[in-house]
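Pasting run.cif here (mmCIF, N, CA and C atoms):
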data_run
#
loop_
_atom_site.label_atom_id
_atom_site.label_comp_id
_atom_site.auth_asym_id
_atom_site.auth_seq_id
_atom_site.Cartn_x
_atom_site.Cartn_y
_atom_site.Cartn_z
N MET A 207 139.01 -135.63 -43.74
CA MET A 207 139.27 -136.56 -42.65
C MET A 207 139.33 -135.75 -41.35
N SER A 208 138.61 -136.17 -40.35
CA SER A 208 138.59 -135.44 -39.09
C SER A 208 139.58 -136.03 -38.10
N ALA A 209 139.95 -135.20 -37.13
CA ALA A 209 140.89 -135.63 -36.09
C ALA A 209 140.17 -136.58 -35.14
N PRO A 210 140.89 -137.52 -34.55
CA PRO A 210 140.26 -138.42 -33.59
C PRO A 210 139.76 -137.65 -32.38
N ALA A 211 138.69 -138.13 -31.80
CA ALA A 211 138.10 -137.49 -30.62
C ALA A 211 139.06 -137.59 -29.45
N ALA A 212 139.09 -136.56 -28.63
CA ALA A 212 139.96 -136.55 -27.45
C ALA A 212 139.41 -137.52 -26.41
N SER A 213 140.29 -138.17 -25.73
CA SER A 213 139.90 -139.12 -24.70
C SER A 213 139.40 -138.38 -23.47
N ALA A 214 138.36 -138.90 -22.85
CA ALA A 214 137.81 -138.29 -21.64
C ALA A 214 138.61 -138.68 -20.41
N THR A 215 139.51 -139.65 -20.56
CA THR A 215 140.30 -140.12 -19.44
C THR A 215 141.68 -139.49 -19.48
N ALA A 216 142.14 -138.99 -18.35
CA ALA A 216 143.47 -138.38 -18.28
C ALA A 216 144.51 -139.47 -18.10
N PRO A 217 145.73 -139.22 -18.61
CA PRO A 217 146.81 -140.18 -18.38
C PRO A 217 147.05 -140.34 -16.88
N SER A 218 147.61 -141.46 -16.48
CA SER A 218 147.82 -141.69 -15.05
C SER A 218 148.71 -140.61 -14.47
N GLY A 219 148.35 -140.13 -13.31
CA GLY A 219 149.11 -139.08 -12.64
C GLY A 219 148.71 -137.67 -13.05
N ALA A 220 147.91 -137.51 -14.11
CA ALA A 220 147.51 -136.18 -14.56
C ALA A 220 146.31 -135.69 -13.75
N THR A 221 146.23 -134.41 -13.56
CA THR A 221 145.11 -133.81 -12.86
C THR A 221 144.18 -133.20 -13.89
N VAL A 222 142.92 -133.52 -13.80
CA VAL A 222 141.93 -132.97 -14.72
C VAL A 222 141.13 -131.92 -13.97
N THR A 223 141.07 -130.72 -14.54
CA THR A 223 140.28 -129.66 -13.95
C THR A 223 139.18 -129.31 -14.93
N ARG A 224 137.94 -129.42 -14.50
CA ARG A 224 136.82 -129.07 -15.35
C ARG A 224 136.82 -127.57 -15.58
N PRO A 225 136.40 -127.12 -16.76
CA PRO A 225 136.40 -125.69 -17.03
C PRO A 225 135.61 -124.88 -16.01
N CYS A 226 134.54 -125.44 -15.45
CA CYS A 226 133.74 -124.68 -14.50
C CYS A 226 134.43 -124.57 -13.14
N GLU A 227 135.49 -125.33 -12.90
CA GLU A 227 136.22 -125.24 -11.65
C GLU A 227 137.38 -124.26 -11.74
N GLN A 228 137.68 -123.78 -12.93
CA GLN A 228 138.75 -122.82 -13.13
C GLN A 228 138.21 -121.42 -12.98
N PRO A 229 139.04 -120.49 -12.48
CA PRO A 229 138.56 -119.11 -12.41
C PRO A 229 138.34 -118.57 -13.81
N GLY A 230 137.36 -117.74 -13.95
CA GLY A 230 137.03 -117.18 -15.25
C GLY A 230 137.97 -116.08 -15.68
N PRO A 231 137.68 -115.48 -16.78
CA PRO A 231 138.52 -114.37 -17.24
C PRO A 231 138.38 -113.16 -16.32
N TRP A 232 139.32 -112.25 -16.42
CA TRP A 232 139.30 -111.04 -15.60
C TRP A 232 138.30 -110.05 -16.15
N ASN A 233 137.70 -109.27 -15.28
CA ASN A 233 136.72 -108.25 -15.64
C ASN A 233 137.04 -106.95 -14.91
N VAL A 234 136.57 -105.84 -15.46
CA VAL A 234 136.75 -104.52 -14.84
C VAL A 234 135.50 -104.19 -14.03
N HIS A 235 135.69 -103.75 -12.79
CA HIS A 235 134.58 -103.42 -11.89
C HIS A 235 134.53 -101.92 -11.64
N ALA A 236 134.60 -101.14 -12.72
CA ALA A 236 134.53 -99.68 -12.64
C ALA A 236 134.27 -99.16 -14.05
N SER A 237 133.92 -97.90 -14.17
CA SER A 237 133.66 -97.35 -15.50
C SER A 237 134.97 -97.17 -16.28
N ALA A 238 136.08 -97.01 -15.58
CA ALA A 238 137.40 -96.91 -16.18
C ALA A 238 138.45 -97.08 -15.08
N VAL A 239 139.57 -97.70 -15.42
CA VAL A 239 140.65 -97.92 -14.46
C VAL A 239 141.95 -97.42 -15.07
N THR A 240 142.71 -96.66 -14.31
CA THR A 240 143.99 -96.15 -14.79
C THR A 240 145.04 -97.25 -14.77
N ILE A 241 145.71 -97.42 -15.90
CA ILE A 241 146.84 -98.35 -15.98
C ILE A 241 148.10 -97.54 -15.64
N ARG A 242 148.87 -98.01 -14.68
CA ARG A 242 150.07 -97.31 -14.21
C ARG A 242 151.34 -98.03 -14.65
N ALA A 243 152.44 -97.27 -14.77
CA ALA A 243 153.72 -97.82 -15.20
C ALA A 243 154.31 -98.77 -14.16
N LYS A 244 154.04 -98.52 -12.88
CA LYS A 244 154.52 -99.35 -11.78
C LYS A 244 153.36 -99.64 -10.85
N ALA A 245 153.54 -100.59 -9.96
CA ALA A 245 152.49 -100.97 -9.01
C ALA A 245 152.43 -99.97 -7.87
N SER A 246 152.01 -98.75 -8.19
CA SER A 246 151.91 -97.68 -7.20
C SER A 246 150.90 -96.65 -7.68
N ALA A 247 150.09 -96.15 -6.77
CA ALA A 247 149.10 -95.13 -7.13
C ALA A 247 149.77 -93.82 -7.55
N LYS A 248 151.04 -93.64 -7.20
CA LYS A 248 151.76 -92.44 -7.57
C LYS A 248 152.54 -92.59 -8.88
N ALA A 249 152.54 -93.79 -9.46
CA ALA A 249 153.27 -94.05 -10.70
C ALA A 249 152.59 -93.35 -11.88
N THR A 250 153.34 -93.12 -12.91
CA THR A 250 152.84 -92.47 -14.12
C THR A 250 151.71 -93.27 -14.76
N ALA A 251 150.64 -92.59 -15.14
CA ALA A 251 149.54 -93.24 -15.86
C ALA A 251 149.98 -93.49 -17.30
N VAL A 252 149.78 -94.73 -17.78
CA VAL A 252 150.17 -95.07 -19.15
C VAL A 252 148.98 -95.41 -20.03
N GLY A 253 147.80 -95.54 -19.44
CA GLY A 253 146.61 -95.87 -20.21
C GLY A 253 145.39 -96.00 -19.33
N ILE A 254 144.28 -96.31 -19.97
CA ILE A 254 143.01 -96.50 -19.25
C ILE A 254 142.40 -97.82 -19.71
N LEU A 255 141.94 -98.60 -18.75
CA LEU A 255 141.30 -99.88 -19.03
C LEU A 255 139.80 -99.72 -18.83
N TYR A 256 139.04 -100.02 -19.86
CA TYR A 256 137.58 -99.88 -19.80
C TYR A 256 136.91 -101.25 -19.77
N PRO A 257 135.71 -101.34 -19.19
CA PRO A 257 134.96 -102.59 -19.27
C PRO A 257 134.74 -102.93 -20.75
N GLY A 258 134.82 -104.17 -21.09
CA GLY A 258 134.64 -104.58 -22.47
C GLY A 258 135.95 -104.70 -23.23
N HIS A 259 137.04 -104.13 -22.69
CA HIS A 259 138.33 -104.29 -23.34
C HIS A 259 138.81 -105.72 -23.14
N ASP A 260 139.48 -106.24 -24.13
CA ASP A 260 140.08 -107.57 -24.05
C ASP A 260 141.43 -107.42 -23.38
N PHE A 261 141.61 -108.02 -22.20
CA PHE A 261 142.89 -107.89 -21.50
C PHE A 261 143.22 -109.15 -20.73
N THR A 262 144.52 -109.34 -20.49
CA THR A 262 144.98 -110.42 -19.65
C THR A 262 145.51 -109.81 -18.37
N ALA A 263 145.49 -110.58 -17.30
CA ALA A 263 145.94 -110.07 -16.00
C ALA A 263 146.61 -111.17 -15.21
N HIS A 264 147.56 -110.75 -14.39
CA HIS A 264 148.29 -111.67 -13.52
C HIS A 264 148.53 -110.96 -12.20
N PRO A 265 148.23 -111.61 -11.07
CA PRO A 265 148.49 -110.97 -9.78
C PRO A 265 149.95 -110.53 -9.70
N ALA A 266 150.18 -109.36 -9.15
CA ALA A 266 151.53 -108.82 -9.00
C ALA A 266 151.77 -108.55 -7.52
N ALA A 267 152.50 -107.52 -7.20
CA ALA A 267 152.83 -107.19 -5.82
C ALA A 267 151.62 -106.65 -5.06
N GLY A 268 151.42 -107.14 -3.85
CA GLY A 268 150.33 -106.65 -3.00
C GLY A 268 148.98 -106.78 -3.67
N ASN A 269 148.22 -105.70 -3.70
CA ASN A 269 146.89 -105.70 -4.30
C ASN A 269 146.92 -105.26 -5.76
N TRP A 270 148.08 -105.23 -6.39
CA TRP A 270 148.21 -104.78 -7.76
C TRP A 270 148.17 -105.96 -8.72
N VAL A 271 147.66 -105.69 -9.91
CA VAL A 271 147.53 -106.71 -10.95
C VAL A 271 148.24 -106.20 -12.20
N ALA A 272 149.11 -107.03 -12.76
CA ALA A 272 149.78 -106.68 -14.02
C ALA A 272 148.81 -106.98 -15.16
N VAL A 273 148.59 -106.02 -16.06
CA VAL A 273 147.64 -106.21 -17.15
C VAL A 273 148.28 -105.88 -18.49
N THR A 274 147.74 -106.50 -19.52
CA THR A 274 148.04 -106.14 -20.89
C THR A 274 146.70 -105.95 -21.56
N ASP A 275 146.43 -104.73 -21.99
CA ASP A 275 145.17 -104.39 -22.65
C ASP A 275 145.34 -104.68 -24.14
N HIS A 276 144.74 -105.75 -24.62
CA HIS A 276 144.89 -106.15 -26.02
C HIS A 276 144.12 -105.21 -26.95
N SER A 277 143.18 -104.46 -26.41
CA SER A 277 142.42 -103.50 -27.22
C SER A 277 143.28 -102.31 -27.62
N THR A 278 144.23 -101.92 -26.74
CA THR A 278 145.06 -100.75 -27.01
C THR A 278 146.55 -101.07 -27.09
N GLY A 279 146.95 -102.25 -26.61
CA GLY A 279 148.37 -102.63 -26.62
C GLY A 279 149.14 -102.13 -25.41
N VAL A 280 148.48 -101.49 -24.45
CA VAL A 280 149.14 -100.93 -23.27
C VAL A 280 149.32 -102.01 -22.21
N SER A 281 150.52 -102.03 -21.59
CA SER A 281 150.80 -102.93 -20.46
C SER A 281 151.16 -102.10 -19.25
N GLY A 282 150.79 -102.57 -18.08
CA GLY A 282 151.12 -101.88 -16.85
C GLY A 282 150.44 -102.54 -15.67
N PHE A 283 150.11 -101.74 -14.67
CA PHE A 283 149.53 -102.26 -13.44
C PHE A 283 148.25 -101.51 -13.09
N VAL A 284 147.27 -102.24 -12.55
CA VAL A 284 146.04 -101.63 -12.04
C VAL A 284 145.80 -102.16 -10.63
N SER A 285 145.08 -101.37 -9.85
CA SER A 285 144.75 -101.79 -8.50
C SER A 285 143.78 -102.98 -8.56
N GLY A 286 144.03 -103.98 -7.73
CA GLY A 286 143.16 -105.15 -7.66
C GLY A 286 141.77 -104.82 -7.15
N THR A 287 141.57 -103.60 -6.64
CA THR A 287 140.26 -103.17 -6.19
C THR A 287 139.28 -103.07 -7.36
N TYR A 288 139.81 -102.81 -8.56
CA TYR A 288 138.96 -102.53 -9.71
C TYR A 288 138.86 -103.65 -10.74
N VAL A 289 139.59 -104.72 -10.56
CA VAL A 289 139.49 -105.85 -11.48
C VAL A 289 139.27 -107.12 -10.67
N TYR A 290 138.56 -108.08 -11.25
CA TYR A 290 138.28 -109.31 -10.53
C TYR A 290 138.18 -110.45 -11.53
N ARG A 291 138.30 -111.65 -11.03
CA ARG A 291 138.16 -112.83 -11.88
C ARG A 291 136.72 -113.27 -11.86
N GLY A 292 136.19 -113.54 -13.04
CA GLY A 292 134.84 -114.06 -13.15
C GLY A 292 134.75 -115.46 -12.57
N THR A 293 133.57 -115.90 -12.28
CA THR A 293 133.39 -117.25 -11.74
C THR A 293 132.48 -118.03 -12.67
N ARG A 294 132.62 -119.33 -12.62
CA ARG A 294 131.78 -120.22 -13.41
C ARG A 294 131.12 -121.20 -12.47
N ILE A 295 129.95 -121.64 -12.84
CA ILE A 295 129.21 -122.58 -12.00
C ILE A 295 128.90 -123.82 -12.83
N CYS A 296 129.17 -124.98 -12.26
CA CYS A 296 128.83 -126.25 -12.92
C CYS A 296 127.45 -126.68 -12.44
N LEU A 297 126.62 -127.06 -13.36
CA LEU A 297 125.27 -127.51 -13.00
C LEU A 297 125.09 -129.02 -13.15
N ASP A 298 126.20 -129.72 -13.33
CA ASP A 298 126.08 -131.18 -13.47
C ASP A 298 126.41 -131.89 -12.22
#
With the file now loaded, output its structure as structure tokens.
Amino acid sequence: MSAPAASATAPSGATVTRPCEQPGPWNVHASAVTIRAKASAKATAVGILYPGHDFTAHPAAGNWVAVTDHSTGVSGFVSGTYVYRGTRICLD
């Protein structure tokens, strides 16, 4: 028995955001980025984030981004200069 199909209509008062209107996943824009213990270039390096690693990111203080590298288990901060959010385009 299959689950009922989801309704295409949102409940009243709900906001519907199409997937193509949401920012995409984060990506690395360098061959490697140092993950730091604190949001500072002088903070201790705790790991390295490479393109292709599975990671989550959240904007932090200033131009720093808090990351968790799921490929290695390391959490810390990277400069926002080296990571960016992907974009999606709707063609409909």
* **Nearest to Lys248 in chain A by atom-to-atom distance, counting only C-alpha atoms, from A:His264, A:Thr274, A:Phe283, A:Ala236** =>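 Under the stated criterion, the closest residue is A:Phe283.
Every protein, DNA or RNA residue with an atom at most 8 Å from Val271 in chain A, where all atoms listed in the file count and chain neighbours fewer than 4 positions away do not, is listed here: A:Ala245, A:Thr262, A:Ala263, A:His264, A:Pro265, A:Ala266, A:Ala267, A:Gly282, A:Phe283, A:Val284, A:Ser285, A:Gly286, A:Thr287.
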Expected file contents, prior selection, N, CA and C atoms, as a PDB file, in the frame of the given file:
ATOM      1  N   ALA A 245     153.540-100.590  -9.960  1.00  0.00           N
ATOM      2  CA  ALA A 245     152.490-100.970  -9.010  1.00  0.00           C
ATOM      3  C   ALA A 245     152.430 -99.970  -7.870  1.00  0.00           C
ATOM      4  N   THR A 262     144.520-109.340 -20.490  1.00  0.00           N
ATOM      5  CA  THR A 262     144.980-110.420 -19.650  1.00  0.00           C
ATOM      6  C   THR A 262     145.510-109.810 -18.370  1.00  0.00           C
ATOM      7  N   ALA A 263     145.490-110.580 -17.300  1.00  0.00           N
ATOM      8  CA  ALA A 263     145.940-110.070 -16.000  1.00  0.00           C
ATOM      9  C   ALA A 263     146.610-111.170 -15.210  1.00  0.00           C
ATOM     10  N   HIS A 264     147.560-110.750 -14.390  1.00  0.00           N
ATOM     11  CA  HIS A 264     148.290-111.670 -13.520  1.00  0.00           C
ATOM     12  C   HIS A 264     148.530-110.960 -12.200  1.00  0.00           C
ATOM     13  N   PRO A 265     148.230-111.610 -11.070  1.00  0.00           N
ATOM     14  CA  PRO A 265     148.490-110.970  -9.780  1.00  0.00           C
ATOM     15  C   PRO A 265     149.950-110.530  -9.700  1.00  0.00           C
ATOM     16  N   ALA A 266     150.180-109.360  -9.150  1.00  0.00           N
ATOM     17  CA  ALA A 266     151.530-108.820  -9.000  1.00  0.00           C
ATOM     18  C   ALA A 266     151.770-108.550  -7.520  1.00  0.00           C
ATOM     19  N   ALA A 267     152.500-107.520  -7.200  1.00  0.00           N
ATOM     20  CA  ALA A 267     152.830-107.190  -5.820  1.00  0.00           C
ATOM     21  C   ALA A 267     151.620-106.650  -5.060  1.00  0.00           C
ATOM     22  N   GLY A 282     150.790-102.570 -18.080  1.00  0.00           N
ATOM     23  CA  GLY A 282     151.120-101.880 -16.850  1.00  0.00           C
ATOM     24  C   GLY A 282     150.440-102.540 -15.670  1.00  0.00           C
ATOM     25  N   PHE A 283     150.110-101.740 -14.670  1.00  0.00           N
ATOM     26  CA  PHE A 283     149.530-102.260 -13.440  1.00  0.00           C
ATOM     27  C   PHE A 283     148.250-101.510 -13.090  1.00  0.00           C
ATOM     28  N   VAL A 284     147.270-102.240 -12.550  1.00  0.00           N
ATOM     29  CA  VAL A 284     146.040-101.630 -12.040  1.00  0.00           C
ATOM     30  C   VAL A 284     145.800-102.160 -10.630  1.00  0.00           C
ATOM     31  N   SER A 285     145.080-101.370  -9.850  1.00  0.00           N
ATOM     32  CA  SER A 285     144.750-101.790  -8.500  1.00  0.00           C
ATOM     33  C   SER A 285     143.780-102.980  -8.560  1.00  0.00           C
ATOM     34  N   GLY A 286     144.030-103.980  -7.730  1.00  0.00           N
ATOM     35  CA  GLY A 286     143.160-105.150  -7.660  1.00  0.00           C
ATOM     36  C   GLY A 286     141.770-104.820  -7.150  1.00  0.00           C
ATOM     37  N   THR A 287     141.570-103.600  -6.640  1.00  0.00           N
ATOM     38  CA  THR A 287     140.260-103.170  -6.190  1.00  0.00           C
ATOM     39  C   THR A 287     139.280-103.070  -7.360  1.00  0.00           C
TER      40      THR A 287
END
With 5 Å on each side, where is the centre of the axis-aligned box around all listed atoms of range 258-271 of chain A, and how long are its edges in Å to one decimal, as JSON?
{"center_x": 143.7, "center_y": -107.9, "center_z": -13.6, "size_x": 28.2, "size_y": 17.5, "size_z": 31.1}
* **Closest of A:Ala249, A:Thr278, A:Asn269, A:Val289 to Val234 in chain A - atom-to-atom distances counting only N, CA and C atoms** => A:Val289
* Work out how far apart CA of Ser277 in chain A and CA of Arg242 in chain A are and give it in Å to one decimal. =>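 About the pair CA of Ser277 in chain A and CA of Arg242 in chain A: they are 16.3 Å apart.
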* Picked residues, the PyMOL selection byres (((chain A and resi 250-255 and name CA) around 7) and name CA), expected as an MDAnalysis selection string -> chainID A and resid 238:243 248:249 256:257 259 275 280
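Nearest residue to Lys244 in chain A among A:Trp270, A:Leu297, A:Arg291, A:Gly279 is A:Trp270, counting only N, CA and C atoms.
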* To do: In Å, rounded to a single decimal, give me how far atom C of Asn233 in chain A is from atom N of Gly292 in chain A.
  =>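 We find that atom N of Gly292 in chain A and atom C of Asn233 in chain A lie 6.9 Å from each other.
The space separating atom N of His276 in chain A from atom N of Ser246 in chain A comes to 19.3 Å.
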